[in-house]
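Trainee: Below you'll find data_36.cif; it's mmCIF, C-alpha atoms and all ligand atoms.
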data_input
loop_
_atom_site.label_atom_id
_atom_site.label_comp_id
_atom_site.auth_asym_id
_atom_site.auth_seq_id
_atom_site.Cartn_x
_atom_site.Cartn_y
_atom_site.Cartn_z
CA MET K 1 10.39 4.49 -49.99
CA THR K 2 11.97 3.59 -46.65
CA ALA K 3 10.30 4.39 -43.33
CA LYS K 4 12.93 7.05 -42.66
CA GLN K 5 12.37 8.73 -46.01
CA ALA K 6 8.64 8.62 -45.48
CA ILE K 7 8.92 10.42 -42.14
CA GLN K 8 11.45 12.97 -43.29
CA GLY K 9 9.82 13.79 -46.59
CA THR K 10 6.08 13.36 -46.16
CA PRO K 11 4.21 15.68 -43.82
CA ASP K 12 0.91 14.16 -45.02
CA THR K 13 1.05 11.12 -42.77
CA THR K 14 -2.13 9.62 -44.16
CA ALA K 15 0.15 8.46 -46.97
CA ILE K 16 1.93 6.22 -44.45
CA GLY K 17 -1.16 4.35 -43.51
CA PRO K 18 -1.58 1.19 -41.53
CA LYS K 19 -0.90 -2.08 -43.30
CA ASP K 20 -3.93 -4.14 -42.41
CA ASN K 21 -7.57 -4.53 -43.24
CA PHE K 22 -8.77 -2.41 -40.30
CA GLY K 23 -8.58 0.65 -42.53
CA PRO K 24 -6.89 3.95 -41.81
CA ALA K 25 -6.95 5.71 -38.48
CA GLU K 26 -7.56 9.42 -38.16
CA VAL K 27 -4.51 11.09 -36.65
CA ARG K 28 -5.15 14.41 -34.94
CA GLN K 29 -3.82 16.73 -32.27
CA THR K 30 -4.52 15.59 -28.71
CA LYS K 31 -7.25 17.44 -26.75
CA ALA K 32 -7.86 17.67 -23.02
CA ALA K 33 -10.96 15.48 -23.45
CA ASP K 34 -8.70 12.63 -24.64
CA LEU K 35 -6.79 12.40 -21.36
CA PRO K 36 -8.98 9.81 -19.56
CA ALA K 37 -8.80 7.46 -22.57
CA ILE K 38 -5.02 7.97 -22.84
CA LEU K 39 -4.63 7.10 -19.15
CA GLN K 40 -6.52 3.85 -19.70
CA LEU K 41 -4.43 3.11 -22.79
CA HIS K 42 -1.21 3.58 -20.78
CA ARG K 43 -2.52 1.24 -18.07
CA ARG K 44 -3.18 -1.47 -20.64
CA ALA K 45 0.04 -0.94 -22.62
CA PHE K 46 2.57 -0.41 -19.79
CA GLY K 47 1.13 -1.48 -16.45
CA PRO K 48 1.89 0.06 -13.04
CA GLY K 49 5.71 0.08 -13.30
CA ARG K 50 5.67 2.93 -15.78
CA PHE K 51 5.82 5.75 -13.22
CA ALA K 52 9.22 4.58 -11.96
CA LEU K 53 10.87 5.36 -15.30
CA THR K 54 13.23 8.33 -15.44
CA ALA K 55 11.42 9.80 -18.46
CA TYR K 56 8.36 10.20 -16.24
CA ARG K 57 10.39 12.32 -13.84
CA ILE K 58 11.18 14.78 -16.63
CA ARG K 59 7.50 15.10 -17.51
CA GLU K 60 6.29 15.30 -13.91
CA GLY K 61 4.46 18.54 -13.20
CA THR K 62 4.28 19.57 -16.85
CA PRO K 63 1.04 20.14 -18.74
CA PRO K 64 -0.04 16.78 -20.15
CA ILE K 65 -0.61 18.09 -23.67
CA SER K 66 1.53 20.10 -26.05
CA GLN K 67 0.68 21.15 -29.59
CA PHE K 68 2.85 18.22 -30.81
CA CYS K 69 0.91 15.44 -29.05
CA ARG K 70 -1.13 13.20 -31.33
CA VAL K 71 -3.81 10.52 -31.05
CA SER K 72 -5.18 7.98 -33.52
CA GLU K 73 -8.88 7.21 -33.68
CA ARG K 74 -10.87 4.56 -35.44
CA ASP K 75 -14.63 4.97 -35.59
CA GLY K 76 -14.42 7.59 -32.84
CA THR K 77 -12.41 5.36 -30.47
CA LEU K 78 -8.90 6.29 -29.40
CA ILE K 79 -6.50 3.48 -30.32
CA ALA K 80 -3.06 5.06 -29.98
CA ALA K 81 -1.40 8.14 -28.52
CA VAL K 82 1.97 9.82 -28.35
CA ARG K 83 2.99 12.54 -25.93
CA MET K 84 5.57 15.14 -26.91
CA THR K 85 6.98 17.34 -24.15
CA GLU K 86 8.89 20.53 -24.87
CA ILE K 87 12.31 20.37 -23.29
CA GLU K 88 15.66 22.08 -23.11
CA VAL K 89 19.06 20.45 -22.81
CA GLY K 90 21.77 22.40 -21.03
CA GLY K 91 19.64 25.52 -21.47
CA THR K 92 19.20 25.03 -25.24
CA GLY K 93 15.57 24.85 -26.36
CA GLY K 94 13.97 23.75 -29.61
CA ALA K 95 13.71 20.10 -28.62
CA LEU K 96 11.02 17.61 -27.65
CA LEU K 97 10.91 14.48 -25.52
CA LEU K 98 8.83 11.79 -27.26
CA GLY K 99 6.87 9.41 -25.06
CA PRO K 100 4.95 7.61 -23.96
CA LEU K 101 3.95 6.10 -27.28
CA ALA K 102 1.31 3.44 -26.92
CA VAL K 103 -0.97 1.50 -29.23
CA GLU K 104 -3.96 -0.49 -28.00
CA PRO K 105 -2.79 -4.12 -27.72
CA GLN K 106 -5.27 -5.36 -30.32
CA TYR K 107 -3.89 -2.90 -32.89
CA VAL K 108 -0.12 -3.33 -32.47
CA ASN K 109 2.09 -4.10 -35.46
CA LYS K 110 -0.33 -2.60 -37.93
CA GLY K 111 1.47 0.65 -38.63
CA TYR K 112 -0.39 2.93 -36.20
CA GLY K 113 2.75 3.66 -34.15
CA ARG K 114 4.61 4.59 -37.30
CA GLN K 115 1.78 6.87 -38.39
CA LEU K 116 1.75 8.71 -35.04
CA ILE K 117 5.51 9.20 -34.97
CA ALA K 118 5.43 10.56 -38.51
CA SER K 119 2.67 13.00 -37.65
CA SER K 120 4.33 14.36 -34.49
CA LEU K 121 7.71 14.69 -36.20
CA ALA K 122 6.12 16.53 -39.11
CA ALA K 123 4.46 18.97 -36.69
CA ALA K 124 7.76 19.54 -34.90
CA ARG K 125 9.55 20.18 -38.17
CA GLU K 126 6.88 22.57 -39.31
CA LYS K 127 7.38 24.64 -36.11
CA GLY K 128 11.12 24.80 -36.68
CA LEU K 129 12.18 22.53 -33.81
CA GLN K 130 15.59 20.92 -34.07
CA LEU K 131 15.69 17.68 -32.14
CA VAL K 132 13.42 14.95 -30.76
CA ILE K 133 14.80 12.83 -27.92
CA LEU K 134 13.42 9.68 -26.34
CA VAL K 135 14.35 6.77 -24.13
CA GLY K 136 13.43 3.62 -26.00
CA ASN K 137 14.22 0.60 -28.06
CA SER K 138 16.60 1.32 -30.96
CA SER K 139 15.35 -1.74 -32.85
CA TYR K 140 11.97 0.01 -33.10
CA TYR K 141 12.81 3.73 -33.24
CA GLY K 142 15.86 3.12 -35.44
CA LYS K 143 13.44 2.24 -38.24
CA PHE K 144 12.32 5.88 -38.29
CA GLY K 145 15.76 7.50 -38.21
CA PHE K 146 16.36 7.79 -34.44
CA VAL K 147 20.03 7.28 -33.60
CA PRO K 148 21.87 6.81 -30.29
CA VAL K 149 23.01 9.98 -28.55
CA PRO K 150 26.74 9.96 -27.67
CA ARG K 151 27.25 8.69 -24.14
CA ASP K 152 27.06 11.31 -21.32
CA GLN K 153 26.03 14.09 -23.71
CA ILE K 154 22.51 14.40 -22.30
CA VAL K 155 22.14 14.10 -18.53
CA PHE K 156 18.90 12.60 -17.19
CA PRO K 157 17.49 13.14 -13.68
CA GLY K 158 17.81 9.45 -12.81
CA PRO K 159 19.09 6.13 -14.09
CA VAL K 160 18.76 5.51 -17.82
CA ASP K 161 20.33 2.84 -20.01
CA PRO K 162 22.64 5.02 -22.17
CA GLY K 163 22.05 2.79 -25.19
CA ARG K 164 18.36 3.67 -25.07
CA ILE K 165 18.83 7.45 -25.33
CA LEU K 166 17.94 8.16 -28.93
CA ALA K 167 17.48 11.29 -30.99
CA PHE K 168 15.98 12.32 -34.31
CA GLU K 169 17.53 15.35 -35.97
CA LEU K 170 14.97 17.68 -37.51
CA ALA K 171 17.82 19.99 -38.48
CA PRO K 172 21.11 18.60 -39.80
CA GLY K 173 23.76 18.28 -37.10
CA ALA K 174 21.31 19.21 -34.33
CA ILE K 175 22.45 16.55 -31.86
CA ALA K 176 25.83 18.23 -31.45
CA ARG K 177 24.14 21.41 -30.17
CA PHE K 178 22.42 19.71 -27.19
CA HIS K 179 24.68 19.05 -24.20
CA GLY K 180 23.88 18.86 -20.50
CA PRO K 181 20.91 18.27 -18.22
CA ILE K 182 17.53 17.66 -19.80
CA ARG K 183 14.51 19.39 -18.33
CA ALA K 184 10.96 20.11 -19.36
CA ILE K 185 9.89 23.60 -20.27
CA ARG K 186 6.83 24.12 -18.14
CA THR K 187 5.15 27.01 -19.94
CA ASP K 188 3.32 24.94 -22.53
CA GLN K 189 -0.46 25.37 -22.48
CA PRO K 190 -2.81 22.43 -22.94
CA ASP K 191 -5.47 22.61 -25.62
CA LYS K 192 -9.00 23.26 -24.53
C1 LIG T 201 5.89 -0.36 -29.42
C2 LIG T 201 4.62 0.16 -30.09
C3 LIG T 201 4.40 1.62 -29.75
C4 LIG T 201 4.81 0.03 -31.62
O1 LIG T 201 3.68 0.52 -32.30
P1 LIG T 201 3.02 -0.35 -33.44
O2 LIG T 201 1.87 0.38 -34.02
O3 LIG T 201 2.75 -1.71 -32.89
O4 LIG T 201 4.24 -0.43 -34.46
P2 LIG T 201 4.17 -0.32 -36.05
O5 LIG T 201 3.12 -1.25 -36.55
O6 LIG T 201 4.09 1.09 -36.44
O7 LIG T 201 5.60 -0.93 -36.40
C5 LIG T 201 6.49 -0.35 -37.32
C6 LIG T 201 7.63 -1.31 -37.51
O8 LIG T 201 8.26 -1.61 -36.23
C7 LIG T 201 8.20 -3.01 -35.93
N1 LIG T 201 7.96 -3.14 -34.49
C8 LIG T 201 6.80 -3.06 -33.83
N2 LIG T 201 7.00 -3.18 -32.50
C9 LIG T 201 8.34 -3.33 -32.32
C10 LIG T 201 9.16 -3.50 -31.17
N3 LIG T 201 8.65 -3.53 -29.93
N4 LIG T 201 10.50 -3.61 -31.37
C11 LIG T 201 11.04 -3.59 -32.62
N5 LIG T 201 10.29 -3.42 -33.75
C12 LIG T 201 8.96 -3.30 -33.60
C13 LIG T 201 7.07 -3.53 -36.80
O9 LIG T 201 7.23 -4.89 -37.07
C14 LIG T 201 7.21 -2.67 -38.04
O10 LIG T 201 8.29 -3.14 -38.81
P3 LIG T 201 8.32 -3.02 -40.44
O11 LIG T 201 8.32 -1.56 -40.76
O12 LIG T 201 9.60 -3.69 -40.80
O13 LIG T 201 7.09 -3.71 -40.90
C15 LIG T 201 3.36 -0.67 -29.71
O14 LIG T 201 3.57 -2.00 -30.05
C16 LIG T 201 3.02 -0.57 -28.23
O15 LIG T 201 2.26 0.30 -27.83
N6 LIG T 201 3.58 -1.45 -27.40
C17 LIG T 201 3.35 -1.40 -25.95
C18 LIG T 201 3.88 -0.13 -25.33
C19 LIG T 201 5.36 0.10 -25.59
O16 LIG T 201 6.17 -0.82 -25.43
N7 LIG T 201 5.75 1.32 -25.97
C20 LIG T 201 7.14 1.61 -26.22
C21 LIG T 201 7.37 3.01 -26.54
S1 LIG T 201 7.42 4.08 -25.13
#
Hey, can you dump this file as structure tokens for me?
Ligand SMILES: CC(C)(COP(=O)(O)OP(=O)(O)OC[C@H]1O[C@@H](n2cnc3c(N)ncnc32)[C@H](O)[C@@H]1OP(=O)(O)O)[C@@H](O)C(=O)NCCC(=O)NCCS
Mentor:
Amino acid sequence: MTAKQAIQGTPDTTAIGPKDNFGPAEVRQTKAADLPAILQLHRRAFGPGRFALTAYRIREGTPPISQFCRVSERDGTLIAAVRMTEIEVGGTGGALLLGPLAVEPQYVNKGYGRQLIASSLAAAREKGLQLVILVGNSSYYGKFGFVPVPRDQIVFPGPVDPGRILAFELAPGAIARFHGPIRAIRTDQPDK
């Protein structure tokens, strides 16, 4: 089975486990109590320049957790996290912005990123969402079925390399329905 097939067809993400001898991580929904550890993880994975990125401007002022955010834990320690922010594009909802995705440096390249992406996409599909957008590296996200968005179709609130705007269709043909400015929907409630 390819990575793309695994994500699209297998909501049980434990089946797409890490490929090392560390053993599986537990993937679960993010809670408010995870936020300090996620902040530290982002510091280690990205460094101080991260706040200048345009994707951060979209998320600014939004609740830090949605029901689609996920973390990975091993032996009770958080080792990876992905944030998913509910957005609309040109007034059309039913979409998410994926990111940041970060894995603790000592655990990279062991399948934990893949496992988190699979889990958050499965949750989004289950809730009937249509599209997941991100700004990132197509050589990585392309493995999971993310494809480039046609140039100028989605307008960001700052500079973005157009080749890094990628989308994953949860519903066939969804990309074509999302045109215009991207903005976060700010009504999402964090988990307690
Ligand atoms: C980028 C990152 C999230 C990937 O997570 P990960 O757990 O290391 O990746 P996985 O082990 O799930 O990798 C899955 C596949 O992608 C490949 N891969 C990993 N990192 C990659 C990268 N930066 N570019 C291209 N391919 C990559 C792996 O080799 C693997 O390939 P395979 O399926 O052919 O074996 C992680 O390395 C990380 O946190 N890096 C620092 C922060 C960062 O750059 N985040 C970017 C997203 S905002």
Trainee: Let me make sure I understand: among K:Gly76, K:Gly136, K:Gly61, K:Pro150, which one has the smallest atom-to-atom distance to ligand LIG 201 (chain T) if we use all atoms listed in the file?
Mentor: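 Looking only at the distances to ligand LIG 201 (chain T), the closest residue turns out to be K:Gly136.
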Trainee: I'd like to know which of K:Phe68, K:Tyr140, K:Phe146, K:Phe178 is closest to ligand LIG 201 (chain T), using all atoms listed in the file.
Mentor: K:Tyr140
Trainee: Using all atoms listed in the file, find each residue of chain K with at least one atom at most 9 Å away from an atom of ligand LIG 201 (chain T); report its shortest atom-to-atom pair and that distance in Å (one decimal), sort the rows by chain and rising residue number, and return the result as a tab-separated table.
Mentor:
residue	atom	partner	partner_atom	distance
K:Thr2	CA	T:LIG201	O11	8.6
K:Ala3	CA	T:LIG201	O11	6.8
K:Pro18	CA	T:LIG201	O5	7.3
K:Lys19	CA	T:LIG201	O5	7.9
K:Leu41	CA	T:LIG201	O15	8.8
K:His42	CA	T:LIG201	C18	7.8
K:Arg44	CA	T:LIG201	C17	8.4
K:Ala45	CA	T:LIG201	C17	4.7
K:Phe46	CA	T:LIG201	C18	5.7
K:Ala80	CA	T:LIG201	O15	7.5
K:Ala81	CA	T:LIG201	O15	8.7
K:Val82	CA	T:LIG201	S1	8.5
K:Leu98	CA	T:LIG201	S1	8.1
K:Gly99	CA	T:LIG201	S1	5.4
K:Pro100	CA	T:LIG201	S1	4.5
K:Leu101	CA	T:LIG201	S1	4.6
K:Ala102	CA	T:LIG201	O15	3.4
K:Val103	CA	T:LIG201	O15	3.7
K:Glu104	CA	T:LIG201	O15	6.3
K:Pro105	CA	T:LIG201	O15	6.7
K:Tyr107	CA	T:LIG201	O2	6.7
K:Val108	CA	T:LIG201	O3	3.3
K:Asn109	CA	T:LIG201	O5	3.2
K:Lys110	CA	T:LIG201	O5	4.0
K:Gly111	CA	T:LIG201	O5	3.3
K:Tyr112	CA	T:LIG201	O2	4.0
K:Gly113	CA	T:LIG201	O2	3.4
K:Arg114	CA	T:LIG201	O6	3.6
K:Gln115	CA	T:LIG201	O6	6.5
K:Leu116	CA	T:LIG201	O6	8.1
K:Ile117	CA	T:LIG201	O6	8.4
K:Leu134	CA	T:LIG201	S1	8.3
K:Val135	CA	T:LIG201	S1	7.5
K:Gly136	CA	T:LIG201	S1	6.1
K:Asn137	CA	T:LIG201	N4	6.5
K:Ser138	CA	T:LIG201	C11	7.6
K:Ser139	CA	T:LIG201	C11	4.7
K:Tyr140	CA	T:LIG201	C11	3.7
K:Tyr141	CA	T:LIG201	C11	7.6
K:Gly142	CA	T:LIG201	C11	8.7
K:Lys143	CA	T:LIG201	O8	6.8
K:Phe144	CA	T:LIG201	C5	8.6
Trainee: Atom CA of Gly163 of chain K and atom CA of Ala55 of chain K are how many Å apart?
Mentor: 14.4 Å
Trainee: Report the distance between atom CA of Ala95 of chain K and atom CA of Ala52 of chain K in Å, rounded to one decimal place.
Mentor: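 Taking atom CA of Ala95 of chain K and atom CA of Ala52 of chain K, their separation equals 23.2 Å.
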Trainee: Find the residue from K:Leu39, K:Ala122, K:Val71, K:Val132 that sits nearest to Ile87 of chain K; use all atoms listed in the file when measuring.
Mentor: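 Closest candidate: K:Val132.
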Trainee: For a quick check of understanding, using all atoms listed in the file, which of K:Ile79, K:Val27, K:Ile185, K:Ile165 has the smallest distance to Gln40 of chain K?
Mentor: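 Among K:Ile79, K:Val27, K:Ile185, K:Ile165, it is K:Ile79 that comes nearest to Gln40 of chain K.
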Trainee: Name all residues at most 12 Å from Gly93 of chain K (count all atoms listed in the file; drop same-chain ones fewer than 2 positions away) and give them as a CSV table (one decimal) with C-alpha atoms, in the frame of the given file.
Mentor:
chain,number,residue,atom,x,y,z
K,85,THR,CA,7.0,17.3,-24.2
K,86,GLU,CA,8.9,20.5,-24.9
K,87,ILE,CA,12.3,20.4,-23.3
K,88,GLU,CA,15.7,22.1,-23.1
K,89,VAL,CA,19.1,20.4,-22.8
K,90,GLY,CA,21.8,22.4,-21.0
K,91,GLY,CA,19.6,25.5,-21.5
K,95,ALA,CA,13.7,20.1,-28.6
K,96,LEU,CA,11.0,17.6,-27.6
K,97,LEU,CA,10.9,14.5,-25.5
K,128,GLY,CA,11.1,24.8,-36.7
K,129,LEU,CA,12.2,22.5,-33.8
K,130,GLN,CA,15.6,20.9,-34.1
K,131,LEU,CA,15.7,17.7,-32.1
K,132,VAL,CA,13.4,15.0,-30.8
K,174,ALA,CA,21.3,19.2,-34.3
K,177,ARG,CA,24.1,21.4,-30.2
K,178,PHE,CA,22.4,19.7,-27.2
K,179,HIS,CA,24.7,19.0,-24.2
K,180,GLY,CA,23.9,18.9,-20.5
K,181,PRO,CA,20.9,18.3,-18.2
K,182,ILE,CA,17.5,17.7,-19.8
K,183,ARG,CA,14.5,19.4,-18.3
K,184,ALA,CA,11.0,20.1,-19.4
K,185,ILE,CA,9.9,23.6,-20.3
